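As provided, my_file.txt (compact mmCIF, C-alpha atoms) reads as follows.
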# COMPACT_ATOMS: atom_id res chain seq x y z
CA MET A 214 79.19 94.67 66.42
CA LYS A 215 82.91 94.69 65.65
CA TYR A 216 84.22 96.99 62.95
CA GLU A 217 87.37 96.14 61.07
CA ILE A 218 89.61 98.98 60.00
CA ILE A 219 90.01 99.12 56.22
CA THR A 220 93.44 99.97 54.87
CA ALA A 221 94.28 100.71 51.26
CA VAL A 222 97.75 100.13 49.90
CA GLY A 223 98.60 101.87 46.62
CA ILE A 224 101.66 100.68 44.72
CA ASP A 225 103.17 102.58 41.82
CA VAL A 226 105.17 99.92 39.99
CA SER A 227 108.45 100.59 38.20
CA LYS A 228 111.24 98.42 36.86
CA GLY A 229 113.00 96.78 39.80
CA LYS A 230 111.31 98.90 42.49
CA SER A 231 107.94 100.23 43.54
CA THR A 232 106.62 103.12 45.60
CA VAL A 233 104.09 102.16 48.26
CA ALA A 234 101.57 104.36 50.10
CA VAL A 235 99.21 103.20 52.85
CA ARG A 236 95.97 105.09 53.61
CA ARG A 237 92.72 104.78 55.48
CA PRO A 238 89.36 106.50 55.03
CA GLY A 239 89.08 110.13 56.05
CA GLY A 240 92.41 111.07 54.50
CA GLU A 241 94.49 109.27 57.14
CA VAL A 242 97.98 108.51 55.89
CA VAL A 243 99.13 105.38 57.70
CA LEU A 244 102.53 105.22 55.98
CA THR A 245 103.96 107.96 53.80
CA PRO A 246 105.15 106.73 50.41
CA PHE A 247 108.29 104.62 50.55
CA GLN A 248 110.27 102.59 48.03
CA VAL A 249 110.54 98.80 47.89
CA ASN A 250 112.99 96.87 45.73
CA HIS A 251 111.69 93.82 43.88
CA ASP A 252 114.31 91.54 45.42
CA ALA A 253 113.71 88.93 48.13
CA ALA A 254 114.76 91.22 51.00
CA GLY A 255 112.62 94.15 49.78
CA LEU A 256 109.52 92.03 49.24
CA PHE A 257 109.93 90.30 52.62
CA SER A 258 110.24 93.72 54.27
CA LEU A 259 107.08 94.94 52.51
CA VAL A 260 105.09 91.88 53.62
CA LYS A 261 106.26 92.33 57.22
CA THR A 262 105.45 96.07 57.16
CA LEU A 263 101.93 95.47 55.86
CA GLN A 264 101.31 92.68 58.38
CA ASP A 265 102.30 95.11 61.15
CA VAL A 266 99.80 97.70 59.85
CA GLY A 267 96.93 95.26 60.38
CA GLY A 268 93.24 95.61 59.58
CA ASN A 269 91.45 94.65 56.40
CA ILE A 270 94.10 95.43 53.78
CA ARG A 271 93.53 95.65 50.05
CA VAL A 272 96.54 96.21 47.83
CA VAL A 273 96.06 97.91 44.47
CA MET A 274 98.87 98.23 41.98
CA GLU A 275 99.07 99.46 38.45
CA HIS A 276 99.45 97.01 35.60
CA THR A 277 102.83 98.05 34.22
CA GLY A 278 104.23 95.63 31.66
CA MET A 279 105.31 92.58 33.64
CA TYR A 280 107.08 94.55 36.41
CA TRP A 281 104.13 94.11 38.80
CA ARG A 282 104.37 90.32 38.85
CA PRO A 283 107.07 89.76 41.54
CA ILE A 284 105.42 92.08 44.05
CA ALA A 285 101.90 90.79 43.34
CA LEU A 286 102.97 87.17 43.73
CA ALA A 287 104.86 87.88 46.98
CA LEU A 288 101.87 89.70 48.49
CA LYS A 289 99.43 87.03 47.29
CA GLU A 290 101.57 84.27 48.83
CA ALA A 291 101.48 86.21 52.12
CA GLY A 292 97.68 86.13 52.01
CA PHE A 293 96.89 89.71 51.01
CA PHE A 294 94.03 90.81 48.77
CA VAL A 295 95.81 92.06 45.63
CA SER A 296 94.17 93.85 42.73
CA VAL A 297 96.10 94.68 39.56
CA VAL A 298 94.49 97.57 37.69
CA ASP A 299 95.19 99.08 34.28
CA PHE A 300 95.33 102.87 34.67
CA SER A 301 96.30 103.56 31.03
CA HIS A 302 92.95 105.29 30.32
CA ASN A 303 92.88 107.14 33.64
CA SER A 304 94.14 110.57 34.65
CA LEU A 305 96.59 108.96 37.07
CA ARG A 306 99.61 109.77 34.91
CA LYS A 307 99.05 113.56 34.97
CA VAL A 308 101.26 113.82 38.07
CA LYS A 309 104.71 112.51 37.28
CA THR A 310 106.05 111.51 40.70
CA ASP A 311 105.96 107.97 42.05
CA LYS A 312 104.95 109.20 45.53
CA ALA A 313 101.95 111.15 44.20
CA ASP A 314 100.95 108.22 41.97
CA SER A 315 101.09 105.74 44.87
CA MET A 316 98.86 108.05 46.94
CA LYS A 317 96.39 108.32 44.02
CA ILE A 318 96.33 104.54 43.67
CA ALA A 319 95.63 104.19 47.42
CA ASN A 320 92.79 106.73 47.04
CA TYR A 321 91.47 104.71 44.11
CA ALA A 322 91.49 101.61 46.33
CA LEU A 323 89.45 103.41 48.97
CA SER A 324 87.01 104.83 46.41
CA PHE A 325 86.40 101.52 44.64
CA TRP A 326 86.85 99.22 47.66
CA ALA A 327 83.79 97.08 46.98
CA GLU A 328 84.41 96.77 43.22
CA LEU A 329 88.07 95.68 43.40
CA ARG A 330 88.77 92.30 41.87
CA ASP A 331 91.18 89.97 43.65
CA TYR A 332 94.12 88.81 41.54
CA SER A 333 94.06 85.06 40.84
CA PRO A 334 96.14 82.39 39.08
CA GLU A 335 93.72 82.65 36.14
CA ASP A 336 94.85 86.25 35.72
CA GLU A 337 98.44 85.01 35.50
CA THR A 338 97.48 82.49 32.80
CA ARG A 339 95.57 85.17 30.89
CA GLN A 340 98.59 87.50 31.01
CA MET A 341 100.88 84.76 29.70
CA LEU A 342 98.42 83.96 26.88
CA LYS A 343 98.23 87.64 25.93
CA MET A 344 102.03 87.87 25.84
CA GLN A 345 102.31 84.69 23.75
CA ASN A 346 99.67 85.98 21.34
CA ARG A 347 101.52 89.29 20.91
CA LEU A 348 104.77 87.43 20.20
CA TYR A 349 103.03 85.12 17.73
CA LEU A 350 101.41 88.04 15.87
CA ARG A 351 104.73 89.91 15.77
CA THR A 352 106.49 86.82 14.40
CA GLN A 353 103.75 86.26 11.83
CA LYS A 354 103.99 89.90 10.68
CA SER A 355 107.78 89.59 10.32
CA SER A 356 107.36 86.38 8.34
CA VAL A 357 104.96 88.05 5.89
CA THR A 358 107.30 91.04 5.52
CA LEU A 359 110.30 88.78 4.84
CA ARG A 360 108.33 86.66 2.34
CA ASN A 361 107.13 89.76 0.46
CA GLY A 362 110.69 91.11 0.39
CA LEU A 363 111.98 87.83 -1.04
CA ILE A 364 109.27 87.76 -3.73
CA SER A 365 110.10 91.35 -4.68
CA LEU A 366 113.84 90.64 -4.92
CA LEU A 367 113.26 87.47 -6.95
CA ASP A 368 110.97 89.38 -9.31
CA GLN A 369 113.65 92.05 -9.82
CA ALA A 370 116.46 89.54 -10.35
CA PHE A 371 114.47 87.07 -12.43
CA PRO A 372 111.48 88.78 -14.06
CA GLY A 373 108.50 86.47 -14.32
CA VAL A 374 109.86 83.91 -11.81
CA ASN A 375 106.76 84.30 -9.64
CA THR A 376 104.57 82.86 -12.40
CA LEU A 377 106.53 79.59 -12.29

Conversion result in structure tokens:
Amino acid sequence: MKYEIITAVGIDVSKGKSTVAVRRPGGEVVLTPFQVNHDAAGLFSLVKTLQDVGGNIRVVMEHTGMYWRPIALALKEAGFFVSVVDFSHNSLRKVKTDKADSMKIANYALSFWAELRDYSPEDETRQMLKMQNRLYLRTQKSSVTLRNGLISLLDQAFPGVNTL
């Protein structure tokens, strides 16, 4: 029976760059945390580095605004298992360094290996719908505020105009 080595990649996502840590079970640190820029050269380098690591790789990254999208799409195109997780209700943010966070995310990947959900195009569509909905609600709220302000000003300038 052949066993495949499992490798967890934790990515702490920031604006324009990310910190990446690579671990295996038993506390083995395959690659100490390193930074990757979200440009073509940085993402190509990350894909090549992870391909060289080998084994059964699962990448987990935190859901941070929309900053995670370029790196997730690049890794997905390269054929990696990518899971985007929302850590907003988790204790992950207690440590405030990107290196420590990337190691915690890699540990999370190892701990929840079987439960991780692979990122898919449907997730992308859902994210875009959520963003559009937020923009729509914000616009609607602004519209109501502006309308109420206009009614108030008209009522002050021309008392009783609202009854017309």

I'd like the contact shell of A:Asn320 - 8 Å cut-off, only C-alpha atoms, skipping same-chain residues fewer than 5 positions apart - returned as a PDB file with C-alpha atoms, in the frame of the given file.
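The file below, part_17.pdb, is the result:
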ATOM      1  CA  ALA A 221      94.280 100.710  51.260  1.00  0.00           C
ATOM      2  CA  GLY A 223      98.600 101.870  46.620  1.00  0.00           C
ATOM      3  CA  ARG A 236      95.970 105.090  53.610  1.00  0.00           C
TER       4      ARG A 236
END

Write out, as a Markdown table, each residue of stretch 281-339 of chain A that has an atom at most 10 Å from stretch 238-244 of chain A, together with the closest pair of atoms and their distance in Å to one decimal, counting only C-alpha atoms, rows going by chain and rising number.
| residue | atom | partner | partner_atom | distance |
| --- | --- | --- | --- | --- |
| A:Met316 | CA | A:Val242 | CA | 9.0 |
| A:Ala319 | CA | A:Val242 | CA | 9.8 |
| A:Asn320 | CA | A:Gly240 | CA | 8.6 |
| A:Leu323 | CA | A:Pro238 | CA | 6.8 |
| A:Ser324 | CA | A:Pro238 | CA | 9.1 |

**OP:** Dump as a ChimeraX atom specification all residues having an atom at most 8 Å from (108.4, 99.1, 51.0), computed in the file's coordinates with all atoms listed in the file.
**Re:** /A:231-233,247-250,255-256,258-259,262

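Interatomic distance, atom CA of A:Gly278 to atom CA of A:Ile219: 28.6 Å.
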
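A straight line drawn from atom CA of A:Met274 to atom CA of A:Arg237 is 16.2 Å long.
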
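As for atom CA of A:Glu328 and atom CA of A:Leu342, they are spaced 25.0 Å apart.
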
Original post:
Which of these, A:Ala253, A:Val295, A:Ala285, A:Ala322, has the shortest distance to A:Val235 once you count only C-alpha atoms?
Top reply: A:Ala322

Subject >> Contacts of A:Ala291 within 7 Å, all atoms listed in the file, excl. fewer than 3 positions in-chain, as a ChimeraX atom specification >> reply: /A:260,287-288

List every protein, DNA or RNA residue that has at least one atom no more than 12 Å from (93.7, 82.0, 42.1) in the file's coordinates, counting only C-alpha atoms, and write the result as an mmCIF file with C-alpha atoms, in the frame of the given file.
data_model
loop_
_atom_site.group_PDB
_atom_site.id
_atom_site.type_symbol
_atom_site.label_atom_id
_atom_site.label_comp_id
_atom_site.auth_asym_id
_atom_site.auth_seq_id
_atom_site.Cartn_x
_atom_site.Cartn_y
_atom_site.Cartn_z
ATOM 1 C CA LEU A 286 102.970 87.170 43.730
ATOM 2 C CA LYS A 289 99.430 87.030 47.290
ATOM 3 C CA GLU A 290 101.570 84.270 48.830
ATOM 4 C CA GLY A 292 97.680 86.130 52.010
ATOM 5 C CA PHE A 294 94.030 90.810 48.770
ATOM 6 C CA VAL A 295 95.810 92.060 45.630
ATOM 7 C CA SER A 296 94.170 93.850 42.730
ATOM 8 C CA ARG A 330 88.770 92.300 41.870
ATOM 9 C CA ASP A 331 91.180 89.970 43.650
ATOM 10 C CA TYR A 332 94.120 88.810 41.540
ATOM 11 C CA SER A 333 94.060 85.060 40.840
ATOM 12 C CA PRO A 334 96.140 82.390 39.080
ATOM 13 C CA GLU A 335 93.720 82.650 36.140
ATOM 14 C CA ASP A 336 94.850 86.250 35.720
ATOM 15 C CA GLU A 337 98.440 85.010 35.500
ATOM 16 C CA THR A 338 97.480 82.490 32.800
ATOM 17 C CA ARG A 339 95.570 85.170 30.890
#

**OP:** Kindly indicate which residue among A:Val272, A:Leu263, A:Met341, A:Ile284 lies nearest to A:Tyr321, using all atoms listed in the file for the distances.
**Re:** A:Val272
